[in-house]
Amino acid sequence: MNKNQVRLRFTIEDRILLHLLDFIKWRDEIEVPPNITQHGISYGVGIKKKHVPRSLKVMIEKNLISERTTHVTGKTQRMKTYFLTIKGEEKARRLRSHVKDIKIKVSDGTTNIKEMVIKDLGDLLKDSYSLAEVLSHISSDGIFDIEKVKKMREEEKKETKRNDLEIYKQALTQVWKDGRMTSDERDILHILRECLNVSEREHLALEEEIFDSVGKTLDKKAMEVYKVALEQALEDGKITKDERAILEKIKKRFKIREE
């Protein structure tokens with residue numbers, strides 16, 4: 001066996017060290033990315049969330065990482081986040097130096113398999129992958145299946161999008177439950193849309209769905225609903241095709257007649 005192929009089995013601790021090394025610059029920041037929360041670490045290193053707390057506890061006891069409750073981008077509440085200590089950073093850097101030069105077998109989803117050094121994988125992958133992610137997708141016999149990993153990444157993106165839209169839908173439903181949207185609520189929704197990357201088309205589709213599902217409770221305030229929707233549509237001085245379609249559906253749903 002080639003000396004570069006000696007170590008292909010990496011512990012959860014190894015992968016967490018490599019994952020957190022990518023976020024070392026956030027160690028002293030007031031607001032940090034969600035990647036260093038328990039959920040973010042779980043996703044980044046490819047392990048179930050239920051296994052993360054125990055691993056983190058052991059690493060804290062070893063003085064490899066520290067825990068801090070702080071503001072997380074896109075989250076309303078402060079959360080527990082994790083950072084490498086000086087000792088942990090030193091170990092992670094040694095590990096990264098070792099891992100980057102390891103040779104693995106790379107499959108393109110067919111019978112074609114070739115050997116590559118891990119640090120050269122970036123040339124074959126469209127999306128950026130951290131070393132921790134790469135290690136989590138190497139099979140026990142040292143094979144990294146590129147097509148399988150790409151499909152998994154696409155599914156993960158779709159699942160994340162579904163979850164984000166569900167969060168936004170819940171917020172939108174709460175806003176419209178009384179049949180009107182205040183300026184403060186509109187501002188909050190705008191911020192939430194940006195954080196969750198909800199497009200205008202997705203927003204309008206969800207709003208239409210909400211009108212259909214909670215319409216019975218809004219019947220008495222139908223004109224007010226239409227008025228608010230119209231005011232929002234006219235905020236930029238013009239009504240788009242999508243906005244006009246939504247207004248027509250509101251009129252139809254609540255049997256509103258223009259006088």
# chains A, B, ... in the order shown; residues from 1 in each chain; ligands from 1
call {"tool": "closest_atom_pairs", "arguments": {"of": "stretch 131-189 of chain A", "to": "stretch 100-109 of chain A", "cutoff": "12 Å", "atoms": "only C-alpha atoms", "output": "tab-separated table"}}
result
residue	atom	partner	partner_atom	distance
A:Leu131	CA	A:Lys100	CA	7.9
A:Ala132	CA	A:Lys100	CA	11.0
A:Val134	CA	A:Lys100	CA	10.5
A:Leu135	CA	A:Ile104	CA	10.2
A:His137	CA	A:Val106	CA	11.0
A:Ile138	CA	A:Ile104	CA	8.2
A:Ser139	CA	A:Lys105	CA	9.6
A:Ser140	CA	A:Ile104	CA	11.0
A:Asp141	CA	A:Lys105	CA	8.7
A:Gly142	CA	A:Ile104	CA	5.7
A:Ile143	CA	A:Lys105	CA	4.6
A:Phe144	CA	A:Val106	CA	4.8
A:Asp145	CA	A:Ser107	CA	4.6
A:Ile146	CA	A:Asp108	CA	5.3
A:Glu147	CA	A:Gly109	CA	5.4
A:Lys148	CA	A:Gly109	CA	6.8
A:Val149	CA	A:Gly109	CA	9.7
A:Lys150	CA	A:Asp108	CA	10.3
A:Lys151	CA	A:Gly109	CA	10.7
call {"tool": "residues_around", "arguments": {"residues": "A:Ile191", "least_positions_apart": "4", "cutoff": "12 Å", "atoms": "only C-alpha atoms", "output": "ChimeraX atom specification"}}
result
/A:73-76,168,171,184-187,195-198
call {"tool": "closest_residue", "arguments": {"among": "A:Glu235, A:Glu67, A:Glu115, A:Glu202", "to": "A:Tyr82", "atoms": "only C-alpha atoms"}}
result
A:Glu67
call {"tool": "atom_distance", "arguments": {"atom1": "atom CA of A:Ile36", "atom2": "atom CA of A:Ile86"}}
result
16.7 Å
call {"tool": "atom_distance", "arguments": {"atom1": "atom CA of A:Glu89", "atom2": "atom CA of A:Leu17"}}
result
7.6 Å
call {"tool": "select_by_dssp", "arguments": {"residues": "stretch 28-153 of chain A", "states": "helix (DSSP H, G or I)", "output": "ChimeraX atom specification"}}
result
/A:34-36,38-45,49-61,86-99,118-123,131-136,146-153
call {"tool": "residues_around", "arguments": {"residues": "stretch 50-66 of chain A", "least_positions_apart": "6", "cutoff": "12 Å", "atoms": "only C-alpha atoms", "output": "ChimeraX atom specification"}}
result
/A:11-21,24,27-28,36-44,80-92
call {"tool": "write_last_selection", "arguments": {"atoms": "N, CA, C and O atoms", "output": "CSV table (one decimal), in the first residue's frame"}}
result
chain,number,residue,atom,x,y,z
A,11,THR,N,-11.7,9.8,12.5
A,11,THR,CA,-12.7,9.8,13.6
A,11,THR,C,-13.6,11.0,13.4
A,11,THR,O,-13.3,12.0,12.7
A,12,ILE,N,-14.7,11.0,14.2
A,12,ILE,CA,-15.6,12.2,14.2
A,12,ILE,C,-14.9,13.4,14.7
A,12,ILE,O,-15.0,14.5,14.2
A,13,GLU,N,-14.0,13.2,15.7
A,13,GLU,CA,-13.2,14.3,16.2
A,13,GLU,C,-12.3,14.9,15.1
A,13,GLU,O,-12.2,16.1,15.0
A,14,ASP,N,-11.7,14.1,14.3
A,14,ASP,CA,-10.8,14.5,13.2
A,14,ASP,C,-11.7,15.5,12.3
A,14,ASP,O,-11.2,16.5,11.9
A,15,ARG,N,-12.8,15.0,11.9
A,15,ARG,CA,-13.7,15.7,11.0
A,15,ARG,C,-14.2,17.0,11.6
A,15,ARG,O,-14.3,18.0,10.9
A,16,ILE,N,-14.5,17.0,12.9
A,16,ILE,CA,-14.9,18.3,13.5
A,16,ILE,C,-13.8,19.3,13.6
A,16,ILE,O,-14.0,20.5,13.3
A,17,LEU,N,-12.6,18.8,13.8
A,17,LEU,CA,-11.4,19.7,13.9
A,17,LEU,C,-11.2,20.3,12.5
A,17,LEU,O,-11.0,21.6,12.4
A,18,LEU,N,-11.3,19.5,11.5
A,18,LEU,CA,-11.1,20.1,10.1
A,18,LEU,C,-12.2,21.0,9.7
A,18,LEU,O,-12.0,22.1,9.1
A,19,HIS,N,-13.4,20.7,10.2
A,19,HIS,CA,-14.6,21.6,9.9
A,19,HIS,C,-14.4,22.9,10.5
A,19,HIS,O,-14.6,24.0,9.9
A,20,LEU,N,-14.1,22.9,11.8
A,20,LEU,CA,-14.0,24.2,12.6
A,20,LEU,C,-12.8,25.0,12.1
A,20,LEU,O,-12.8,26.2,12.3
A,21,LEU,N,-11.8,24.3,11.6
A,21,LEU,CA,-10.6,25.1,11.1
A,21,LEU,C,-11.0,26.1,10.0
A,21,LEU,O,-10.4,27.1,9.9
A,24,ILE,N,-12.1,29.5,11.6
A,24,ILE,CA,-11.2,30.0,12.7
A,24,ILE,C,-11.3,31.5,12.8
A,24,ILE,O,-11.2,32.1,13.9
A,27,ARG,N,-13.7,33.3,15.5
A,27,ARG,CA,-13.5,33.0,16.9
A,27,ARG,C,-13.8,34.2,17.9
A,27,ARG,O,-14.3,34.0,18.9
A,28,ASP,N,-13.5,35.4,17.5
A,28,ASP,CA,-13.7,36.5,18.3
A,28,ASP,C,-14.8,37.5,17.8
A,28,ASP,O,-15.0,38.6,18.3
A,36,ILE,N,-21.2,26.7,12.6
A,36,ILE,CA,-20.5,26.3,13.9
A,36,ILE,C,-21.4,26.0,15.0
A,36,ILE,O,-21.0,26.0,16.2
A,37,THR,N,-22.7,25.9,14.7
A,37,THR,CA,-23.7,25.4,15.7
A,37,THR,C,-23.7,23.9,15.7
A,37,THR,O,-23.0,23.3,14.8
A,38,GLN,N,-24.4,23.3,16.6
A,38,GLN,CA,-24.4,21.8,16.6
A,38,GLN,C,-25.0,21.3,15.2
A,38,GLN,O,-24.5,20.3,14.7
A,39,HIS,N,-26.1,22.0,14.8
A,39,HIS,CA,-26.7,21.6,13.5
A,39,HIS,C,-25.7,21.8,12.4
A,39,HIS,O,-25.6,20.9,11.5
A,40,GLY,N,-25.0,22.9,12.3
A,40,GLY,CA,-24.1,23.2,11.3
A,40,GLY,C,-22.9,22.2,11.2
A,40,GLY,O,-22.4,21.8,10.2
A,41,ILE,N,-22.4,21.8,12.4
A,41,ILE,CA,-21.3,20.9,12.5
A,41,ILE,C,-21.8,19.5,12.0
A,41,ILE,O,-21.1,18.8,11.3
A,42,SER,N,-23.0,19.1,12.4
A,42,SER,CA,-23.6,17.8,12.0
A,42,SER,C,-23.6,17.8,10.5
A,42,SER,O,-23.2,16.8,9.9
A,43,TYR,N,-24.1,18.8,9.9
A,43,TYR,CA,-24.2,18.9,8.4
A,43,TYR,C,-22.8,18.9,7.8
A,43,TYR,O,-22.6,18.2,6.8
A,44,GLY,N,-21.9,19.7,8.3
A,44,GLY,CA,-20.6,19.8,7.7
A,44,GLY,C,-19.7,18.6,7.8
A,44,GLY,O,-18.9,18.4,6.9
A,80,LYS,N,-25.6,28.1,21.0
A,80,LYS,CA,-24.3,27.6,21.4
A,80,LYS,C,-23.5,27.4,20.1
A,80,LYS,O,-23.9,26.8,19.2
A,81,THR,N,-22.3,27.9,20.1
A,81,THR,CA,-21.4,27.8,19.0
A,81,THR,C,-20.0,27.2,19.5
A,81,THR,O,-19.7,27.3,20.7
A,82,TYR,N,-19.2,26.7,18.6
A,82,TYR,CA,-18.0,26.0,19.0
A,82,TYR,C,-16.8,26.5,18.1
A,82,TYR,O,-16.9,26.7,16.9
A,83,PHE,N,-15.7,26.7,18.8
A,83,PHE,CA,-14.5,27.2,18.2
A,83,PHE,C,-13.2,26.4,18.6
A,83,PHE,O,-13.2,25.9,19.7
A,84,LEU,N,-12.3,26.4,17.7
A,84,LEU,CA,-11.0,25.7,18.1
A,84,LEU,C,-10.2,26.5,19.1
A,84,LEU,O,-10.1,27.7,19.0
A,85,THR,N,-9.7,25.8,20.1
A,85,THR,CA,-8.7,26.5,21.0
A,85,THR,C,-7.4,26.5,20.3
A,85,THR,O,-7.2,26.0,19.2
A,86,ILE,N,-6.4,27.1,20.9
A,86,ILE,CA,-5.0,27.2,20.3
A,86,ILE,C,-4.5,25.7,20.1
A,86,ILE,O,-4.0,25.4,19.0
A,87,LYS,N,-4.8,24.9,21.1
A,87,LYS,CA,-4.3,23.5,21.0
A,87,LYS,C,-5.1,22.8,19.9
A,87,LYS,O,-4.5,22.0,19.1
A,88,GLY,N,-6.4,23.1,19.8
A,88,GLY,CA,-7.2,22.4,18.7
A,88,GLY,C,-6.8,22.9,17.4
A,88,GLY,O,-6.8,22.1,16.4
A,89,GLU,N,-6.5,24.2,17.2
A,89,GLU,CA,-6.1,24.7,15.9
A,89,GLU,C,-4.8,24.1,15.5
A,89,GLU,O,-4.6,23.7,14.3
A,90,GLU,N,-3.8,23.9,16.4
A,90,GLU,CA,-2.6,23.3,16.0
A,90,GLU,C,-2.8,21.9,15.5
A,90,GLU,O,-2.2,21.5,14.5
A,91,LYS,N,-3.6,21.1,16.2
A,91,LYS,CA,-3.9,19.8,15.9
A,91,LYS,C,-4.6,19.7,14.5
A,91,LYS,O,-4.3,18.8,13.7
A,92,ALA,N,-5.5,20.6,14.3
A,92,ALA,CA,-6.3,20.6,13.1
A,92,ALA,C,-5.4,21.0,11.9
A,92,ALA,O,-5.6,20.4,10.8
call {"tool": "atom_distance", "arguments": {"atom1": "atom CA of A:Leu95", "atom2": "atom CA of A:Lys119"}}
result
13.1 Å
call {"tool": "select_by_dssp", "arguments": {"residues": "stretch 8-250 of chain A", "states": "strand (DSSP E or B)", "output": "mmCIF file with all heavy atoms, in the first residue's frame"}}
result
data_model
loop_
_atom_site.group_PDB
_atom_site.id
_atom_site.type_symbol
_atom_site.label_atom_id
_atom_site.label_comp_id
_atom_site.auth_asym_id
_atom_site.auth_seq_id
_atom_site.Cartn_x
_atom_site.Cartn_y
_atom_site.Cartn_z
ATOM 1 N N GLU A 31 -21.125 38.101 15.918
ATOM 2 C CA GLU A 31 -22.105 37.305 15.163
ATOM 3 C C GLU A 31 -21.361 36.317 14.289
ATOM 4 O O GLU A 31 -20.391 36.676 13.619
ATOM 5 C CB GLU A 31 -22.994 38.210 14.305
ATOM 6 C CG GLU A 31 -24.068 37.449 13.546
ATOM 7 C CD GLU A 31 -25.031 38.372 12.813
ATOM 8 O OE1 GLU A 31 -25.521 39.333 13.444
ATOM 9 O OE2 GLU A 31 -25.284 38.128 11.611
ATOM 10 N N VAL A 32 -21.803 35.071 14.293
ATOM 11 C CA VAL A 32 -21.082 34.013 13.589
ATOM 12 C C VAL A 32 -22.021 33.252 12.652
ATOM 13 O O VAL A 32 -23.242 33.300 12.814
ATOM 14 C CB VAL A 32 -20.446 33.029 14.594
ATOM 15 C CG1 VAL A 32 -19.475 33.754 15.507
ATOM 16 C CG2 VAL A 32 -21.521 32.323 15.416
ATOM 17 N N ILE A 65 -11.582 22.371 21.792
ATOM 18 C CA ILE A 65 -12.556 23.375 21.361
ATOM 19 C C ILE A 65 -13.128 24.083 22.586
ATOM 20 O O ILE A 65 -13.012 23.605 23.714
ATOM 21 C CB ILE A 65 -13.720 22.753 20.553
ATOM 22 C CG1 ILE A 65 -14.511 21.773 21.428
ATOM 23 C CG2 ILE A 65 -13.216 22.076 19.296
ATOM 24 C CD1 ILE A 65 -15.786 21.260 20.772
ATOM 25 N N SER A 66 -13.743 25.232 22.338
ATOM 26 C CA SER A 66 -14.442 25.964 23.393
ATOM 27 C C SER A 66 -15.874 26.214 22.943
ATOM 28 O O SER A 66 -16.166 26.222 21.745
ATOM 29 C CB SER A 66 -13.741 27.296 23.684
ATOM 30 O OG SER A 66 -13.736 28.120 22.529
ATOM 31 N N GLU A 67 -16.750 26.417 23.899
ATOM 32 C CA GLU A 67 -18.166 26.640 23.609
ATOM 33 C C GLU A 67 -18.538 28.062 24.001
ATOM 34 O O GLU A 67 -18.114 28.563 25.042
ATOM 35 C CB GLU A 67 -19.017 25.638 24.394
ATOM 36 C CG GLU A 67 -20.519 25.795 24.197
ATOM 37 C CD GLU A 67 -21.307 24.845 25.089
ATOM 38 O OE1 GLU A 67 -21.565 23.707 24.664
ATOM 39 O OE2 GLU A 67 -21.636 25.247 26.232
ATOM 40 N N ARG A 68 -19.333 28.709 23.145
ATOM 41 C CA ARG A 68 -19.768 30.077 23.453
ATOM 42 C C ARG A 68 -21.179 30.293 22.921
ATOM 43 O O ARG A 68 -21.494 29.890 21.798
ATOM 44 C CB ARG A 68 -18.804 31.084 22.802
ATOM 45 C CG ARG A 68 -19.215 32.539 22.958
ATOM 46 C CD ARG A 68 -18.014 33.467 22.777
ATOM 47 N NE ARG A 68 -17.381 33.342 21.491
ATOM 48 C CZ ARG A 68 -17.677 34.108 20.422
ATOM 49 N NH1 ARG A 68 -18.621 35.012 20.512
ATOM 50 N NH2 ARG A 68 -17.025 33.950 19.287
ATOM 51 N N THR A 69 -22.030 30.899 23.728
ATOM 52 C CA THR A 69 -23.378 31.237 23.295
ATOM 53 C C THR A 69 -23.348 32.633 22.691
ATOM 54 O O THR A 69 -22.964 33.598 23.358
ATOM 55 C CB THR A 69 -24.367 31.208 24.480
ATOM 56 O OG1 THR A 69 -24.377 29.892 25.047
ATOM 57 C CG2 THR A 69 -25.778 31.551 24.009
ATOM 58 N N THR A 70 -23.730 32.732 21.423
ATOM 59 C CA THR A 70 -23.604 34.015 20.735
ATOM 60 C C THR A 70 -24.655 34.158 19.644
ATOM 61 O O THR A 70 -25.450 33.248 19.396
ATOM 62 C CB THR A 70 -22.190 34.144 20.123
ATOM 63 O OG1 THR A 70 -22.002 35.463 19.641
ATOM 64 C CG2 THR A 70 -21.998 33.152 18.982
ATOM 65 N N HIS A 71 -24.651 35.316 18.998
ATOM 66 C CA HIS A 71 -25.594 35.574 17.912
ATOM 67 C C HIS A 71 -25.171 34.797 16.663
ATOM 68 O O HIS A 71 -23.993 34.754 16.318
ATOM 69 C CB HIS A 71 -25.638 37.070 17.589
ATOM 70 C CG HIS A 71 -26.164 37.909 18.713
ATOM 71 N ND1 HIS A 71 -27.495 37.940 19.067
ATOM 72 C CD2 HIS A 71 -25.526 38.738 19.585
ATOM 73 C CE1 HIS A 71 -27.663 38.757 20.094
ATOM 74 N NE2 HIS A 71 -26.491 39.255 20.435
ATOM 75 N N VAL A 72 -26.163 34.206 15.995
ATOM 76 C CA VAL A 72 -25.908 33.426 14.785
ATOM 77 C C VAL A 72 -26.677 34.050 13.630
ATOM 78 O O VAL A 72 -27.863 34.372 13.761
ATOM 79 C CB VAL A 72 -26.347 31.956 14.971
ATOM 80 C CG1 VAL A 72 -26.180 31.175 13.674
ATOM 81 C CG2 VAL A 72 -25.543 31.307 16.096
ATOM 82 N N MET A 79 -27.279 31.207 20.217
ATOM 83 C CA MET A 79 -27.124 29.757 20.196
ATOM 84 C C MET A 79 -25.727 29.355 20.651
ATOM 85 O O MET A 79 -24.789 30.165 20.627
ATOM 86 C CB MET A 79 -27.368 29.223 18.772
ATOM 87 C CG MET A 79 -28.732 29.546 18.202
ATOM 88 S SD MET A 79 -28.941 28.903 16.512
ATOM 89 C CE MET A 79 -28.990 27.129 16.851
ATOM 90 N N LYS A 80 -25.599 28.096 21.045
ATOM 91 C CA LYS A 80 -24.284 27.569 21.399
ATOM 92 C C LYS A 80 -23.470 27.379 20.122
ATOM 93 O O LYS A 80 -23.947 26.784 19.159
ATOM 94 C CB LYS A 80 -24.425 26.233 22.131
ATOM 95 C CG LYS A 80 -24.974 26.348 23.545
ATOM 96 C CD LYS A 80 -25.023 24.979 24.219
ATOM 97 C CE LYS A 80 -25.534 25.093 25.651
ATOM 98 N NZ LYS A 80 -25.596 23.763 26.315
ATOM 99 N N THR A 81 -22.259 27.901 20.142
ATOM 100 C CA THR A 81 -21.369 27.756 18.992
ATOM 101 C C THR A 81 -20.016 27.248 19.486
ATOM 102 O O THR A 81 -19.705 27.340 20.678
ATOM 103 C CB THR A 81 -21.187 29.099 18.263
ATOM 104 O OG1 THR A 81 -20.754 30.096 19.208
ATOM 105 C CG2 THR A 81 -22.498 29.552 17.632
ATOM 106 N N TYR A 82 -19.215 26.739 18.551
ATOM 107 C CA TYR A 82 -17.985 26.048 18.950
ATOM 108 C C TYR A 82 -16.792 26.531 18.127
ATOM 109 O O TYR A 82 -16.897 26.733 16.915
ATOM 110 C CB TYR A 82 -18.183 24.538 18.808
ATOM 111 C CG TYR A 82 -19.327 24.054 19.665
ATOM 112 C CD1 TYR A 82 -20.641 24.096 19.184
ATOM 113 C CD2 TYR A 82 -19.113 23.625 20.965
ATOM 114 C CE1 TYR A 82 -21.708 23.708 19.990
ATOM 115 C CE2 TYR A 82 -20.171 23.228 21.776
ATOM 116 C CZ TYR A 82 -21.460 23.278 21.281
ATOM 117 O OH TYR A 82 -22.515 22.904 22.083
ATOM 118 N N PHE A 83 -15.657 26.695 18.820
ATOM 119 C CA PHE A 83 -14.457 27.243 18.202
ATOM 120 C C PHE A 83 -13.233 26.434 18.625
ATOM 121 O O PHE A 83 -13.186 25.886 19.729
ATOM 122 C CB PHE A 83 -14.260 28.701 18.633
ATOM 123 C CG PHE A 83 -15.448 29.578 18.370
ATOM 124 C CD1 PHE A 83 -16.488 29.660 19.291
ATOM 125 C CD2 PHE A 83 -15.542 30.312 17.203
ATOM 126 C CE1 PHE A 83 -17.590 30.461 19.051
ATOM 127 C CE2 PHE A 83 -16.644 31.115 16.953
ATOM 128 C CZ PHE A 83 -17.670 31.190 17.880
ATOM 129 N N LEU A 84 -12.251 26.384 17.746
ATOM 130 C CA LEU A 84 -11.006 25.709 18.087
ATOM 131 C C LEU A 84 -10.222 26.526 19.108
ATOM 132 O O LEU A 84 -10.140 27.748 19.005
ATOM 133 C CB LEU A 84 -10.142 25.524 16.835
ATOM 134 C CG LEU A 84 -10.656 24.572 15.754
ATOM 135 C CD1 LEU A 84 -9.700 24.572 14.571
ATOM 136 C CD2 LEU A 84 -10.826 23.162 16.298
ATOM 137 N N LYS A 103 -3.836 9.882 -1.028
ATOM 138 C CA LYS A 103 -4.396 9.417 -2.293
ATOM 139 C C LYS A 103 -5.630 8.564 -2.030
ATOM 140 O O LYS A 103 -5.642 7.727 -1.136
ATOM 141 C CB LYS A 103 -3.364 8.595 -3.075
ATOM 142 C CG LYS A 103 -2.312 9.430 -3.782
ATOM 143 C CD LYS A 103 -1.438 8.562 -4.665
ATOM 144 C CE LYS A 103 -0.419 9.404 -5.427
ATOM 145 N NZ LYS A 103 0.440 8.557 -6.294
ATOM 146 N N ILE A 104 -6.676 8.807 -2.823
ATOM 147 C CA ILE A 104 -7.899 8.014 -2.712
ATOM 148 C C ILE A 104 -8.327 7.562 -4.106
ATOM 149 O O ILE A 104 -7.841 8.074 -5.117
ATOM 150 C CB ILE A 104 -9.044 8.822 -2.069
ATOM 151 C CG1 ILE A 104 -9.337 10.082 -2.901
ATOM 152 C CG2 ILE A 104 -8.730 9.171 -0.633
ATOM 153 C CD1 ILE A 104 -10.553 10.845 -2.435
ATOM 154 N N LYS A 105 -9.238 6.610 -4.138
ATOM 155 C CA LYS A 105 -9.811 6.165 -5.402
ATOM 156 C C LYS A 105 -11.051 7.005 -5.679
ATOM 157 O O LYS A 105 -11.895 7.182 -4.808
ATOM 158 C CB LYS A 105 -10.188 4.689 -5.317
ATOM 159 C CG LYS A 105 -9.015 3.762 -5.036
ATOM 160 C CD LYS A 105 -9.508 2.347 -4.770
ATOM 161 C CE LYS A 105 -8.359 1.434 -4.374
ATOM 162 N NZ LYS A 105 -8.840 0.071 -4.015
ATOM 163 N N VAL A 106 -11.144 7.508 -6.890
ATOM 164 C CA VAL A 106 -12.259 8.376 -7.258
ATOM 165 C C VAL A 106 -13.077 7.725 -8.363
ATOM 166 O O VAL A 106 -12.543 7.321 -9.399
ATOM 167 C CB VAL A 106 -11.753 9.755 -7.729
ATOM 168 C CG1 VAL A 106 -12.926 10.638 -8.143
ATOM 169 C CG2 VAL A 106 -10.941 10.422 -6.628
ATOM 170 N N SER A 107 -14.390 7.613 -8.122
ATOM 171 C CA SER A 107 -15.300 7.018 -9.100
ATOM 172 C C SER A 107 -16.227 8.091 -9.650
ATOM 173 O O SER A 107 -16.643 9.001 -8.933
ATOM 174 C CB SER A 107 -16.129 5.910 -8.434
ATOM 175 O OG SER A 107 -17.194 5.506 -9.281
ATOM 176 N N ILE A 113 -12.539 4.131 -12.319
ATOM 177 C CA ILE A 113 -11.967 4.514 -11.028
ATOM 178 C C ILE A 113 -10.508 4.915 -11.236
ATOM 179 O O ILE A 113 -9.753 4.212 -11.907
ATOM 180 C CB ILE A 113 -12.039 3.356 -10.012
ATOM 181 C CG1 ILE A 113 -13.504 3.014 -9.713
ATOM 182 C CG2 ILE A 113 -11.315 3.731 -8.724
ATOM 183 C CD1 ILE A 113 -13.671 1.852 -8.758
ATOM 184 N N LYS A 114 -10.151 6.053 -10.687
ATOM 185 C CA LYS A 114 -8.764 6.495 -10.796
ATOM 186 C C LYS A 114 -8.284 7.015 -9.454
ATOM 187 O O LYS A 114 -9.084 7.368 -8.584
ATOM 188 C CB LYS A 114 -8.623 7.569 -11.861
ATOM 189 C CG LYS A 114 -9.409 8.841 -11.597
ATOM 190 C CD LYS A 114 -9.190 9.834 -12.727
ATOM 191 C CE LYS A 114 -9.982 11.112 -12.506
ATOM 192 N NZ LYS A 114 -9.770 12.092 -13.602
ATOM 193 N N GLU A 115 -6.988 7.065 -9.299
ATOM 194 C CA GLU A 115 -6.407 7.557 -8.057
ATOM 195 C C GLU A 115 -6.160 9.058 -8.148
ATOM 196 O O GLU A 115 -5.743 9.569 -9.185
ATOM 197 C CB GLU A 115 -5.084 6.840 -7.753
ATOM 198 C CG GLU A 115 -5.256 5.469 -7.153
ATOM 199 C CD GLU A 115 -3.950 4.942 -6.576
ATOM 200 O OE1 GLU A 115 -2.885 5.522 -6.880
ATOM 201 O OE2 GLU A 115 -3.989 3.957 -5.823
ATOM 202 N N MET A 116 -6.454 9.744 -7.045
ATOM 203 C CA MET A 116 -6.216 11.183 -6.984
ATOM 204 C C MET A 116 -5.789 11.563 -5.580
ATOM 205 O O MET A 116 -6.158 10.904 -4.603
ATOM 206 C CB MET A 116 -7.485 11.975 -7.336
ATOM 207 C CG MET A 116 -7.846 11.995 -8.796
ATOM 208 S SD MET A 116 -9.188 13.178 -9.104
ATOM 209 C CE MET A 116 -8.342 14.728 -8.768
ATOM 210 N N VAL A 117 -5.032 12.636 -5.489
ATOM 211 C CA VAL A 117 -4.708 13.207 -4.187
ATOM 212 C C VAL A 117 -5.894 14.075 -3.767
ATOM 213 O O VAL A 117 -6.468 14.791 -4.593
ATOM 214 C CB VAL A 117 -3.423 14.060 -4.265
ATOM 215 C CG1 VAL A 117 -3.130 14.715 -2.921
ATOM 216 C CG2 VAL A 117 -2.251 13.188 -4.692
ATOM 217 N N ILE A 138 -15.939 9.344 1.863
ATOM 218 C CA ILE A 138 -15.023 8.304 1.401
ATOM 219 C C ILE A 138 -15.451 6.977 2.020
ATOM 220 O O ILE A 138 -15.590 6.866 3.236
ATOM 221 C CB ILE A 138 -13.569 8.621 1.804
ATOM 222 C CG1 ILE A 138 -13.105 9.913 1.115
ATOM 223 C CG2 ILE A 138 -12.641 7.471 1.410
ATOM 224 C CD1 ILE A 138 -11.707 10.346 1.517
ATOM 225 N N ILE A 143 -12.989 4.713 -1.541
ATOM 226 C CA ILE A 143 -13.524 5.211 -2.814
ATOM 227 C C ILE A 143 -14.409 6.433 -2.585
ATOM 228 O O ILE A 143 -15.290 6.428 -1.729
ATOM 229 C CB ILE A 143 -14.326 4.122 -3.544
ATOM 230 C CG1 ILE A 143 -13.407 2.955 -3.917
ATOM 231 C CG2 ILE A 143 -14.985 4.691 -4.797
ATOM 232 C CD1 ILE A 143 -14.124 1.808 -4.608
ATOM 233 N N PHE A 144 -14.154 7.465 -3.360
ATOM 234 C CA PHE A 144 -14.957 8.693 -3.324
ATOM 235 C C PHE A 144 -15.770 8.747 -4.614
ATOM 236 O O PHE A 144 -15.224 8.948 -5.696
ATOM 237 C CB PHE A 144 -14.040 9.911 -3.216
ATOM 238 C CG PHE A 144 -14.768 11.225 -3.114
ATOM 239 C CD1 PHE A 144 -15.234 11.684 -1.895
ATOM 240 C CD2 PHE A 144 -14.970 12.011 -4.240
ATOM 241 C CE1 PHE A 144 -15.894 12.905 -1.794
ATOM 242 C CE2 PHE A 144 -15.629 13.230 -4.151
ATOM 243 C CZ PHE A 144 -16.092 13.674 -2.918
ATOM 244 N N ASP A 145 -17.091 8.538 -4.499
ATOM 245 C CA ASP A 145 -17.981 8.507 -5.659
ATOM 246 C C ASP A 145 -18.506 9.918 -5.926
ATOM 247 O O ASP A 145 -19.393 10.409 -5.231
ATOM 248 C CB ASP A 145 -19.145 7.547 -5.397
ATOM 249 C CG ASP A 145 -19.982 7.289 -6.651
ATOM 250 O OD1 ASP A 145 -20.096 8.209 -7.484
ATOM 251 O OD2 ASP A 145 -20.511 6.172 -6.787
#
call {"tool": "residues_around", "arguments": {"residues": "stretch 204-207 of chain A", "least_positions_apart": "4", "cutoff": "7 Å", "atoms": "only C-alpha atoms", "output": "mmCIF file with all heavy atoms, in the first residue's frame"}}
result
data_model
loop_
_atom_site.group_PDB
_atom_site.id
_atom_site.type_symbol
_atom_site.label_atom_id
_atom_site.label_comp_id
_atom_site.auth_asym_id
_atom_site.auth_seq_id
_atom_site.Cartn_x
_atom_site.Cartn_y
_atom_site.Cartn_z
ATOM 1 N N LYS A 169 -43.349 30.326 5.377
ATOM 2 C CA LYS A 169 -44.801 30.157 5.270
ATOM 3 C C LYS A 169 -45.464 30.317 6.634
ATOM 4 O O LYS A 169 -46.527 30.943 6.753
ATOM 5 C CB LYS A 169 -45.124 28.780 4.684
ATOM 6 C CG LYS A 169 -46.621 28.516 4.548
ATOM 7 C CD LYS A 169 -46.885 27.118 4.013
ATOM 8 C CE LYS A 169 -48.378 26.832 3.962
ATOM 9 N NZ LYS A 169 -48.658 25.461 3.463
ATOM 10 N N GLU A 200 -39.378 36.527 -4.927
ATOM 11 C CA GLU A 200 -40.682 37.190 -5.021
ATOM 12 C C GLU A 200 -41.748 36.211 -5.505
ATOM 13 O O GLU A 200 -42.877 36.195 -5.005
ATOM 14 C CB GLU A 200 -40.584 38.376 -5.989
ATOM 15 C CG GLU A 200 -41.888 39.138 -6.181
ATOM 16 C CD GLU A 200 -42.309 39.927 -4.945
ATOM 17 O OE1 GLU A 200 -41.498 40.039 -4.002
ATOM 18 O OE2 GLU A 200 -43.448 40.425 -4.929
ATOM 19 N N PHE A 211 -53.956 32.461 1.464
ATOM 20 C CA PHE A 211 -55.286 33.033 1.252
ATOM 21 C C PHE A 211 -56.319 31.930 1.028
ATOM 22 O O PHE A 211 -57.445 32.005 1.500
ATOM 23 C CB PHE A 211 -55.282 33.981 0.046
ATOM 24 C CG PHE A 211 -54.581 35.280 0.317
ATOM 25 C CD1 PHE A 211 -53.962 35.973 -0.713
ATOM 26 C CD2 PHE A 211 -54.533 35.814 1.588
ATOM 27 C CE1 PHE A 211 -53.315 37.169 -0.477
ATOM 28 C CE2 PHE A 211 -53.886 37.007 1.840
ATOM 29 C CZ PHE A 211 -53.278 37.692 0.809
#
